[in-house]
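A.B. asks: For reference, the file final.pdb (PDB, C-alpha atoms) is included below:
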```pdb
ATOM      1  CA  MET A   1      13.969  26.033 -23.759
ATOM      2  CA  ASP A   2      15.670  27.220 -20.560
ATOM      3  CA  HIS A   3      17.039  25.110 -17.678
ATOM      4  CA  LYS A   4      13.882  25.443 -15.585
ATOM      5  CA  GLN A   5      11.613  24.335 -18.424
ATOM      6  CA  ALA A   6      13.931  21.433 -19.194
ATOM      7  CA  GLN A   7      14.078  20.256 -15.583
ATOM      8  CA  ASP A   8      10.289  20.481 -15.230
ATOM      9  CA  GLU A   9      10.083  17.732 -17.870
ATOM     10  CA  PHE A  10      12.496  15.295 -16.175
ATOM     11  CA  SER A  11       9.845  13.151 -14.496
ATOM     12  CA  ASP A  12       7.788  12.698 -17.655
ATOM     13  CA  TYR A  13      10.983  12.160 -19.632
ATOM     14  CA  LEU A  14      12.224   9.338 -17.408
ATOM     15  CA  ASP A  15       8.738   7.856 -16.945
ATOM     16  CA  GLY A  16       8.487   7.690 -20.734
ATOM     17  CA  THR A  17       5.298   9.774 -20.707
ATOM     18  CA  LEU A  18       6.723  12.882 -22.361
ATOM     19  CA  ALA A  19       5.097  13.079 -25.772
ATOM     20  CA  GLN A  20       6.564  14.461 -28.948
ATOM     21  CA  PRO A  21       7.457  17.194 -29.856
ATOM     22  CA  ALA A  22       8.335  18.085 -26.229
ATOM     23  CA  ARG A  23      10.588  15.041 -25.993
ATOM     24  CA  ALA A  24      12.552  15.993 -29.091
ATOM     25  CA  GLU A  25      12.849  19.558 -27.832
ATOM     26  CA  LEU A  26      14.246  18.328 -24.495
ATOM     27  CA  ASP A  27      16.648  15.979 -26.281
ATOM     28  CA  GLN A  28      17.910  18.934 -28.315
ATOM     29  CA  HIS A  29      18.398  21.004 -25.178
ATOM     30  CA  LEU A  30      20.225  18.169 -23.393
ATOM     31  CA  ALA A  31      22.533  17.736 -26.345
ATOM     32  CA  VAL A  32      23.859  21.253 -25.873
ATOM     33  CA  CYS A  33      23.399  21.880 -22.123
ATOM     34  CA  ILE A  34      25.879  20.185 -19.827
ATOM     35  CA  GLN A  35      24.189  21.628 -16.733
ATOM     36  CA  CYS A  36      20.859  19.962 -17.531
ATOM     37  CA  ARG A  37      22.605  16.721 -18.513
ATOM     38  CA  THR A  38      24.279  16.687 -15.096
ATOM     39  CA  GLU A  39      20.988  17.466 -13.351
ATOM     40  CA  LEU A  40      19.241  14.728 -15.297
ATOM     41  CA  ALA A  41      21.950  12.224 -14.312
ATOM     42  CA  LYS A  42      21.486  13.166 -10.634
ATOM     43  CA  PHE A  43      17.721  12.958 -10.986
ATOM     44  CA  ARG A  44      17.996   9.500 -12.517
ATOM     45  CA  GLN A  45      20.362   8.425  -9.739
ATOM     46  CA  THR A  46      17.909   9.689  -7.114
ATOM     47  CA  LEU A  47      15.074   7.633  -8.607
ATOM     48  CA  GLY A  48      17.362   4.594  -8.785
ATOM     49  CA  SER A  49      18.270   4.944  -5.110
ATOM     50  CA  LEU A  50      14.600   5.328  -4.149
ATOM     51  CA  GLY A  51      13.786   2.146  -6.062
ATOM     52  CA  ARG A  52      16.302   0.206  -4.011
ATOM     53  CA  LEU A  53      14.820   1.218  -0.657
ATOM     54  CA  LYS A  54      13.325  -2.074   0.440
ATOM     55  CA  GLN A  55      12.835  -2.963   4.053
ATOM     56  CA  THR A  56      11.552  -6.379   5.066
ATOM     57  CA  ALA A  57       8.967  -6.813   7.791
ATOM     58  CA  PRO A  58      10.130  -8.238  11.107
ATOM     59  CA  ALA A  59      10.117 -12.035  11.197
ATOM     60  CA  THR A  60       7.739 -11.903  14.155
ATOM     61  CA  LEU A  61       5.050  -9.900  12.327
ATOM     62  CA  LEU A  62       2.646 -12.807  11.844
ATOM     63  CA  THR A  63       2.963 -13.975  15.455
ATOM     64  CA  ASP A  64       2.618 -10.414  16.745
ATOM     65  CA  VAL A  65      -0.528  -9.710  14.724
ATOM     66  CA  LYS A  66      -2.058 -13.031  15.773
ATOM     67  CA  GLN A  67      -1.323 -12.325  19.419
ATOM     68  CA  GLN A  68      -2.892  -8.875  19.164
ATOM     69  CA  ILE A  69      -6.036 -10.283  17.542
ATOM     70  CA  TYR A  70      -6.365 -13.082  20.105
ATOM     71  CA  ARG A  71      -5.822 -10.630  22.922
ATOM     72  CA  ARG A  72      -8.278  -8.011  21.662
ATOM     73  CA  SER A  73     -10.992 -10.491  20.660
ATOM     74  CA  ARG A  74     -10.343 -12.697  23.691
ATOM     75  CA  GLY A  75      -9.807 -15.650  21.378
ATOM     76  CA  ARG A  76     -13.176 -15.285  19.644
ATOM     77  CA  PHE A  77     -11.928 -14.017  16.287
ATOM     78  CA  PHE A  78     -10.696 -17.365  15.016
ATOM     79  CA  ALA A  79     -13.048 -19.488  17.102
ATOM     80  CA  PRO A  80     -15.394 -21.700  15.039
ATOM     81  CA  ARG A  81     -18.522 -19.743  14.211
ATOM     82  CA  TRP A  82     -22.031 -21.148  14.187
ATOM     83  CA  LYS A  83     -22.375 -21.502  10.472
ATOM     84  CA  LEU A  84     -26.193 -21.624  10.299
ATOM     85  CA  PHE A  85     -26.916 -17.955  10.916
ATOM     86  CA  GLY A  86     -23.715 -16.866   9.285
ATOM     87  CA  ARG A  87     -24.547 -18.756   6.101
ATOM     88  CA  ILE A  88     -28.341 -18.753   5.668
ATOM     89  CA  PRO A  89     -28.908 -18.527   1.897
ATOM     90  CA  PHE A  90     -31.603 -15.862   2.096
ATOM     91  CA  GLU A  91     -31.694 -15.359  -1.655
ATOM     92  CA  TRP A  92     -32.454 -19.077  -2.259
ATOM     93  CA  ILE A  93     -35.089 -19.147   0.464
ATOM     94  CA  SER A  94     -36.785 -16.104  -1.105
ATOM     95  CA  LEU A  95     -36.748 -17.703  -4.553
ATOM     96  CA  ALA A  96     -38.140 -20.988  -3.227
ATOM     97  CA  THR A  97     -40.941 -19.104  -1.413
ATOM     98  CA  ILE A  98     -41.881 -17.194  -4.571
ATOM     99  CA  ILE A  99     -41.944 -20.413  -6.626
ATOM    100  CA  ALA A 100     -44.036 -22.176  -3.971
ATOM    101  CA  MET A 101     -46.552 -19.291  -3.915
ATOM    102  CA  LEU A 102     -46.723 -19.298  -7.710
ATOM    103  CA  VAL A 103     -47.347 -23.063  -7.808
ATOM    104  CA  TYR A 104     -50.013 -22.711  -5.139
ATOM    105  CA  TYR A 105     -51.686 -19.873  -7.050
ATOM    106  CA  LEU A 106     -51.702 -21.891 -10.299
ATOM    107  CA  ALA A 107     -53.053 -24.913  -8.466
ATOM    108  CA  ILE A 108     -55.891 -22.834  -7.039
ATOM    109  CA  LEU A 109     -56.611 -21.186 -10.389
ATOM    110  CA  HIS A 110     -56.801 -24.362 -12.451
ATOM    111  CA  GLY A 111     -57.931 -26.867  -9.829
ATOM    112  CA  SER A 112     -61.583 -27.780  -9.368
ATOM    113  CA  PRO A 113     -63.205 -26.230  -6.331
ATOM    114  CA  THR A 114     -63.563 -28.725  -3.564
ATOM    115  CA  GLY A 115     -66.245 -28.927  -0.896
ATOM    116  CA  VAL A 116     -68.834 -27.187  -3.112
ATOM    117  CA  ARG A 117     -71.651 -29.273  -4.439
ATOM    118  CA  PRO A 118     -73.116 -28.384  -7.817
ATOM    119  CA  ALA A 119     -76.541 -26.834  -7.647
ATOM    120  CA  PRO A 120     -79.367 -29.303  -8.365
TER     121      PRO A 120
ATOM    122  CA  MET B  13      -9.087  -8.665  -9.006
ATOM    123  CA  SER B  14      -7.849 -12.135  -9.906
ATOM    124  CA  LEU B  15      -9.776 -15.317  -9.105
ATOM    125  CA  ALA B  16      -7.042 -16.443  -6.692
ATOM    126  CA  GLU B  17      -7.327 -13.108  -4.866
ATOM    127  CA  ARG B  18     -11.146 -13.432  -4.678
ATOM    128  CA  LEU B  19     -10.858 -16.928  -3.224
ATOM    129  CA  LEU B  20      -8.313 -15.719  -0.697
ATOM    130  CA  ILE B  21     -10.599 -12.860   0.387
ATOM    131  CA  GLY B  22     -13.508 -15.292   0.651
ATOM    132  CA  ARG B  23     -11.459 -17.516   2.951
ATOM    133  CA  LEU B  24     -10.458 -14.478   4.955
ATOM    134  CA  ARG B  25     -14.123 -13.505   5.392
ATOM    135  CA  ASP B  26     -14.740 -17.020   6.693
ATOM    136  CA  ARG B  27     -11.912 -16.344   9.170
ATOM    137  CA  ASP B  28      -9.816 -19.164   7.859
ATOM    138  CA  PRO B  29      -6.527 -18.900   9.831
ATOM    139  CA  SER B  30      -4.483 -20.129   6.847
ATOM    140  CA  ALA B  31      -5.859 -17.270   4.679
ATOM    141  CA  PHE B  32      -4.954 -14.825   7.415
ATOM    142  CA  GLU B  33      -1.391 -16.181   7.499
ATOM    143  CA  GLU B  34      -1.141 -16.069   3.714
ATOM    144  CA  ILE B  35      -2.207 -12.401   3.642
ATOM    145  CA  VAL B  36       0.401 -11.404   6.229
ATOM    146  CA  ARG B  37       3.146 -13.406   4.491
ATOM    147  CA  ARG B  38       2.259 -12.137   1.042
ATOM    148  CA  TYR B  39       1.816  -8.460   1.855
ATOM    149  CA  GLY B  40       3.769  -8.010   5.105
ATOM    150  CA  ASP B  41       6.933  -6.652   3.480
ATOM    151  CA  LYS B  42       5.025  -4.333   1.157
ATOM    152  CA  VAL B  43       2.996  -2.807   3.973
ATOM    153  CA  PHE B  44       5.960  -2.584   6.329
ATOM    154  CA  ASN B  45       8.150  -0.920   3.698
ATOM    155  CA  LEU B  46       5.484   1.705   2.973
ATOM    156  CA  VAL B  47       4.834   2.419   6.651
ATOM    157  CA  TYR B  48       8.524   2.441   7.547
ATOM    158  CA  ARG B  49       9.347   4.894   4.752
ATOM    159  CA  MET B  50       6.452   7.116   5.802
ATOM    160  CA  LEU B  51       7.385   7.160   9.484
ATOM    161  CA  GLY B  52      11.164   6.666   9.339
ATOM    162  CA  ASN B  53      11.066   4.780  12.601
ATOM    163  CA  ARG B  54      11.223   1.009  12.835
ATOM    164  CA  HIS B  55       9.461   0.672  16.159
ATOM    165  CA  GLU B  56       6.540   2.862  15.062
ATOM    166  CA  ALA B  57       6.419   1.087  11.712
ATOM    167  CA  GLU B  58       6.122  -2.323  13.385
ATOM    168  CA  ASP B  59       3.283  -1.042  15.509
ATOM    169  CA  ILE B  60       1.387   0.501  12.591
ATOM    170  CA  THR B  61       1.931  -2.536  10.339
ATOM    171  CA  GLN B  62       0.245  -4.697  12.953
ATOM    172  CA  GLU B  63      -2.623  -2.203  13.172
ATOM    173  CA  VAL B  64      -3.017  -2.249   9.387
ATOM    174  CA  PHE B  65      -3.468  -6.023   9.296
ATOM    175  CA  ILE B  66      -5.808  -5.984  12.286
ATOM    176  CA  THR B  67      -7.924  -3.341  10.511
ATOM    177  CA  VAL B  68      -7.918  -5.442   7.335
ATOM    178  CA  PHE B  69      -9.184  -8.523   9.177
ATOM    179  CA  LYS B  70     -11.797  -6.531  11.050
ATOM    180  CA  THR B  71     -13.121  -4.732   7.980
ATOM    181  CA  VAL B  72     -12.665  -7.283   5.208
ATOM    182  CA  GLU B  73     -16.473  -7.675   5.101
ATOM    183  CA  THR B  74     -16.660  -4.108   3.742
ATOM    184  CA  PHE B  75     -14.185  -4.782   0.925
ATOM    185  CA  ARG B  76     -16.365  -4.969  -2.179
ATOM    186  CA  GLY B  77     -13.694  -5.929  -4.675
ATOM    187  CA  GLU B  78     -14.101  -2.830  -6.853
ATOM    188  CA  ALA B  79     -10.396  -2.041  -6.476
ATOM    189  CA  LYS B  80      -7.504  -4.470  -6.205
ATOM    190  CA  PHE B  81      -7.006  -5.910  -2.753
ATOM    191  CA  THR B  82      -3.440  -4.526  -2.691
ATOM    192  CA  THR B  83      -4.749  -1.033  -3.406
ATOM    193  CA  TRP B  84      -7.282  -1.290  -0.582
ATOM    194  CA  LEU B  85      -4.638  -2.628   1.777
ATOM    195  CA  LEU B  86      -2.123   0.100   0.914
ATOM    196  CA  ARG B  87      -4.815   2.772   1.306
ATOM    197  CA  ILE B  88      -5.365   1.569   4.869
ATOM    198  CA  ALA B  89      -1.581   1.562   5.428
ATOM    199  CA  ALA B  90      -1.223   5.079   3.991
ATOM    200  CA  ASN B  91      -4.069   6.485   6.088
ATOM    201  CA  GLN B  92      -2.837   4.910   9.286
ATOM    202  CA  SER B  93       0.692   6.187   8.613
ATOM    203  CA  LYS B  94      -0.585   9.719   8.017
ATOM    204  CA  ASN B  95      -2.638   9.562  11.198
ATOM    205  CA  ARG B  96       0.407   8.431  13.159
ATOM    206  CA  ILE B  97       2.523  11.237  11.678
ATOM    207  CA  LYS B  98      -0.092  13.764  12.827
ATOM    208  CA  TYR B  99      -0.265  12.138  16.239
ATOM    209  CA  LEU B 100       3.529  12.194  16.616
ATOM    210  CA  ALA B 101       3.691  15.791  15.443
ATOM    211  CA  ARG B 102       1.381  16.730  18.312
ATOM    212  CA  ARG B 103       3.657  14.834  20.707
ATOM    213  CA  PRO B 104       7.162  15.849  19.620
ATOM    214  CA  THR B 105       8.812  14.210  22.597
ATOM    215  CA  ASP B 106       7.770  10.765  21.343
ATOM    216  CA  THR B 107       9.979   8.637  19.086
ATOM    217  CA  GLY B 108       8.838  10.341  15.928
ATOM    218  CA  ASP B 109      12.265  11.366  14.721
ATOM    219  CA  VAL B 110      13.978   9.671  11.835
ATOM    220  CA  GLU B 111      16.309   6.964  12.989
ATOM    221  CA  GLU B 112      19.298   5.640  11.147
ATOM    222  CA  ALA B 113      17.658   3.765   8.291
ATOM    223  CA  GLY B 114      18.310   0.030   8.176
ATOM    224  CA  GLY B 115      19.456   0.089  11.764
ATOM    225  CA  PRO B 116      18.159  -2.465  14.211
ATOM    226  CA  GLY B 117      15.209  -1.582  16.378
ATOM    227  CA  PRO B 118      14.995  -2.420  20.052
ATOM    228  CA  GLY B 119      15.578  -6.147  20.464
ATOM    229  CA  GLN B 120      16.041  -6.582  16.733
ATOM    230  CA  PRO B 121      19.000  -8.274  15.122
ATOM    231  CA  ALA B 122      20.947  -6.024  12.784
ATOM    232  CA  THR B 123      19.703  -6.417   9.238
ATOM    233  CA  PRO B 124      21.613  -5.021   6.300
ATOM    234  CA  GLY B 125      20.000  -2.078   4.555
ATOM    235  CA  PRO B 126      18.273  -2.879   1.289
ATOM    236  CA  ILE B 127      20.784  -1.064  -0.827
ATOM    237  CA  ALA B 128      23.490  -3.254   0.653
ATOM    238  CA  HIS B 129      21.482  -6.434   0.745
ATOM    239  CA  GLY B 130      22.795  -9.143  -1.559
ATOM    240  CA  GLN B 131      24.653  -6.750  -3.818
ATOM    241  CA  ILE B 132      27.934  -5.800  -2.208
ATOM    242  CA  ASP B 133      30.383  -7.328   0.227
ATOM    243  CA  GLY B 134      33.043  -5.107   1.749
ATOM    244  CA  PRO B 135      32.408  -3.388   5.108
ATOM    245  CA  ASP B 136      33.298   0.019   3.662
ATOM    246  CA  ILE B 137      30.790  -0.390   0.905
ATOM    247  CA  LEU B 138      28.212  -1.715   3.356
ATOM    248  CA  MET B 139      28.772   1.374   5.479
ATOM    249  CA  GLU B 140      28.464   3.589   2.421
ATOM    250  CA  ALA B 141      25.216   1.879   1.418
ATOM    251  CA  ALA B 142      23.814   2.254   4.933
ATOM    252  CA  GLU B 143      24.764   5.940   4.895
ATOM    253  CA  LEU B 144      23.109   6.421   1.533
ATOM    254  CA  GLU B 145      19.957   4.739   2.766
ATOM    255  CA  SER B 146      19.963   6.901   5.861
ATOM    256  CA  LEU B 147      20.410   9.980   3.695
ATOM    257  CA  MET B 148      17.573   8.902   1.418
ATOM    258  CA  GLN B 149      15.308   8.346   4.399
ATOM    259  CA  LYS B 150      16.115  11.801   5.756
ATOM    260  CA  ALA B 151      15.415  13.336   2.352
ATOM    261  CA  ILE B 152      12.039  11.551   2.241
ATOM    262  CA  ALA B 153      11.287  12.707   5.777
ATOM    263  CA  SER B 154      11.930  16.313   4.766
ATOM    264  CA  LEU B 155       8.791  16.203   2.584
ATOM    265  CA  ASP B 156       5.290  16.769   3.893
ATOM    266  CA  GLU B 157       3.289  13.563   4.227
ATOM    267  CA  GLU B 158       1.264  13.982   0.998
ATOM    268  CA  HIS B 159       4.389  14.381  -1.160
ATOM    269  CA  ARG B 160       6.178  11.677   0.827
ATOM    270  CA  LEU B 161       3.380   9.218   0.153
ATOM    271  CA  LEU B 162       3.473   9.843  -3.593
ATOM    272  CA  VAL B 163       7.235   9.281  -3.821
ATOM    273  CA  ILE B 164       6.979   6.095  -1.782
ATOM    274  CA  LEU B 165       4.068   4.705  -3.781
ATOM    275  CA  ARG B 166       5.627   5.482  -7.146
ATOM    276  CA  ASP B 167       9.389   5.196  -6.696
ATOM    277  CA  VAL B 168       9.742   2.817  -3.765
ATOM    278  CA  GLU B 169       6.662   0.582  -4.170
ATOM    279  CA  GLU B 170       6.670   1.054  -7.960
ATOM    280  CA  LEU B 171       2.905   1.357  -8.385
ATOM    281  CA  SER B 172       1.212   2.668 -11.508
ATOM    282  CA  TYR B 173      -0.376   6.120 -11.629
ATOM    283  CA  GLN B 174      -3.799   4.466 -11.732
ATOM    284  CA  GLU B 175      -3.097   2.501  -8.550
ATOM    285  CA  ILE B 176      -1.747   5.625  -6.854
ATOM    286  CA  GLY B 177      -4.925   7.444  -7.885
ATOM    287  CA  GLU B 178      -7.050   4.710  -6.303
ATOM    288  CA  ILE B 179      -5.058   4.912  -3.076
ATOM    289  CA  THR B 180      -4.873   8.682  -2.755
ATOM    290  CA  GLY B 181      -8.038   9.723  -4.572
ATOM    291  CA  LEU B 182      -6.025  12.262  -6.578
ATOM    292  CA  PRO B 183      -6.298  12.791 -10.341
ATOM    293  CA  GLU B 184      -3.336  11.689 -12.462
ATOM    294  CA  GLY B 185      -2.272  15.250 -13.360
ATOM    295  CA  THR B 186      -2.084  16.261  -9.704
ATOM    296  CA  ILE B 187      -0.143  13.106  -8.829
ATOM    297  CA  LYS B 188       2.382  13.780 -11.597
ATOM    298  CA  SER B 189       2.995  17.407 -10.742
ATOM    299  CA  ARG B 190       3.282  16.766  -6.991
ATOM    300  CA  LEU B 191       5.477  13.742  -7.590
ATOM    301  CA  HIS B 192       7.846  15.773  -9.731
ATOM    302  CA  ARG B 193       8.121  18.453  -7.042
ATOM    303  CA  ALA B 194       8.793  15.777  -4.428
ATOM    304  CA  ARG B 195      11.459  14.072  -6.543
ATOM    305  CA  MET B 196      13.206  17.399  -7.195
ATOM    306  CA  ALA B 197      13.113  18.217  -3.483
ATOM    307  CA  ILE B 198      14.740  14.869  -2.649
ATOM    308  CA  LYS B 199      17.402  15.395  -5.303
ATOM    309  CA  GLU B 200      18.169  18.849  -3.920
ATOM    310  CA  GLU B 201      18.302  17.499  -0.377
ATOM    311  CA  LEU B 202      20.799  14.856  -1.493
ATOM    312  CA  ASP B 203      22.790  17.505  -3.366
ATOM    313  CA  ARG B 204      23.056  19.549  -0.184
ATOM    314  CA  HIS B 205      24.448  16.587   1.732
ATOM    315  CA  THR B 206      26.884  15.427  -0.921
ATOM    316  CA  ARG B 207      28.369  18.845  -1.726
TER     317      ARG B 207
END
```
Please express what this file holds, its structure, as structure tokens.
C.D. replies:
Amino acid sequence: MDHKQAQDEFSDYLDGTLAQPARAELDQHLAVCIQCRTELAKFRQTLGSLGRLKQTAPATLLTDVKQQIYRRSRGRFFAPRWKLFGRIPFEWISLATIIAMLVYYLAILHGSPTGVRPAP
Amino acid sequence: MSLAERLLIGRLRDRDPSAFEEIVRRYGDKVFNLVYRMLGNRHEAEDITQEVFITVFKTVETFRGEAKFTTWLLRIAANQSKNRIKYLARRPTDTGDVEEAGGPGPGQPATPGPIAHGQIDGPDILMEAAELESLMQKAIASLDEEHRLLVILRDVEELSYQEIGEITGLPEGTIKSRLHRARMAIKEELDRHTR
């Protein structure tokens, strides 16, 4: 294994996703190669520094977003909505209609005909 | 997606103001950090973070819950950041350059950089931490936006490869190889500055 091959494995090595026997081979190389050990230490340090890059949002974020939404929607976005048309349970209405039609059909099928006099 | 997350999204769809506030409080830092690291400019990052949340509230009806809400949110943040980078690249005279990381924006109180925050005390060390953060930000900015995004999602936001795949639409193998190239480029950039 040369330096280039070793350094190509650094990400997988540190992520813990480098499978055997490649891991063992890299370990062997690192044991004898001070250059790659140094590079690995720098690589690890770089990842550590990246992991500490945290920046908090401005304290005014919530207020700013709210103001933008109010301004763009002219106050309508959070205004109370008429719930009826927003919340009509169409699926339940459809089911109730189907059941009602079925009941009506059965009633017609099994009920005695009305308004018809038996033939003398 | 967890039950609590589903309920929160449901409240958001009903335009419950408390759900809206909860979303901004819960995810504000995460979104801002991603956008800020992508753009390297606090003022631009504040602007885009607001746009991300406005987009989320406007389009929450289209969120079908197939992916995690965080993934969906960060995908919006990533896309808007990339769009802003392209826009700023076309207008180089705008404030698209990388500012001193951790530095206060216009009208902002000075906030310590994250590397310094809560870990060290002395002014020299604070200065050193601020310099390191600035250097890191410049190294990130030296990458193209695709590589930059991968480093930020994996090493700054600490997402899994699966989550990164859902955000970027890239297969895991591609993510890994590009991420490694990006990490090496950052290391080399830091090497150049510390020699």
A.B. asks: Using the chain letters and numbers from the file, which residues does the PyMOL selection byres ((chain A) within 7 of (chain B)) grab, as a VMD selection string?
C.D. replies: chain A and resid 11 43 46 to 47 50 to 57 62 65 69 78
A.B. asks: Could you work out how far atom CA of B:Leu100 lies from atom CA of A:Ser73, giving the answer in Å with one decimal?
C.D. replies: 27.2 Å
A.B. asks: Quick one, how far is atom CA of B:Gln92 from atom CA of B:Ile60?
C.D. replies: 6.9 Å
A.B. asks: State, in Å with one decimal place, the distance from atom CA of A:Lys42 to atom CA of B:Ile179.
C.D. replies: 28.8 Å
A.B. asks: Pull out every residue that the PyMOL selection byres ((chain A and resi 30-36) around 10) matches in the shown coordinates and put them as an MDAnalysis selection string.
C.D. replies: chainID A and resid 2:4 6:7 10 24:29 37:42
A.B. asks: Write a file of the just-selected residues containing C-alpha atoms, as a PDB file, in the coordinates of the input.
C.D. replies:
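Below is the file selection-v1.pdb, written as the result:
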```
ATOM      1  CA  ASP A   2      15.670  27.220 -20.560  1.00  0.00           C
ATOM      2  CA  HIS A   3      17.039  25.110 -17.678  1.00  0.00           C
ATOM      3  CA  LYS A   4      13.882  25.443 -15.585  1.00  0.00           C
ATOM      4  CA  ALA A   6      13.931  21.433 -19.194  1.00  0.00           C
ATOM      5  CA  GLN A   7      14.078  20.256 -15.583  1.00  0.00           C
ATOM      6  CA  PHE A  10      12.496  15.295 -16.175  1.00  0.00           C
ATOM      7  CA  ALA A  24      12.552  15.993 -29.091  1.00  0.00           C
ATOM      8  CA  GLU A  25      12.849  19.558 -27.832  1.00  0.00           C
ATOM      9  CA  LEU A  26      14.246  18.328 -24.495  1.00  0.00           C
ATOM     10  CA  ASP A  27      16.648  15.979 -26.281  1.00  0.00           C
ATOM     11  CA  GLN A  28      17.910  18.934 -28.315  1.00  0.00           C
ATOM     12  CA  HIS A  29      18.398  21.004 -25.178  1.00  0.00           C
ATOM     13  CA  ARG A  37      22.605  16.721 -18.513  1.00  0.00           C
ATOM     14  CA  THR A  38      24.279  16.687 -15.096  1.00  0.00           C
ATOM     15  CA  GLU A  39      20.988  17.466 -13.351  1.00  0.00           C
ATOM     16  CA  LEU A  40      19.241  14.728 -15.297  1.00  0.00           C
ATOM     17  CA  ALA A  41      21.950  12.224 -14.312  1.00  0.00           C
ATOM     18  CA  LYS A  42      21.486  13.166 -10.634  1.00  0.00           C
TER      19      LYS A  42
END
```
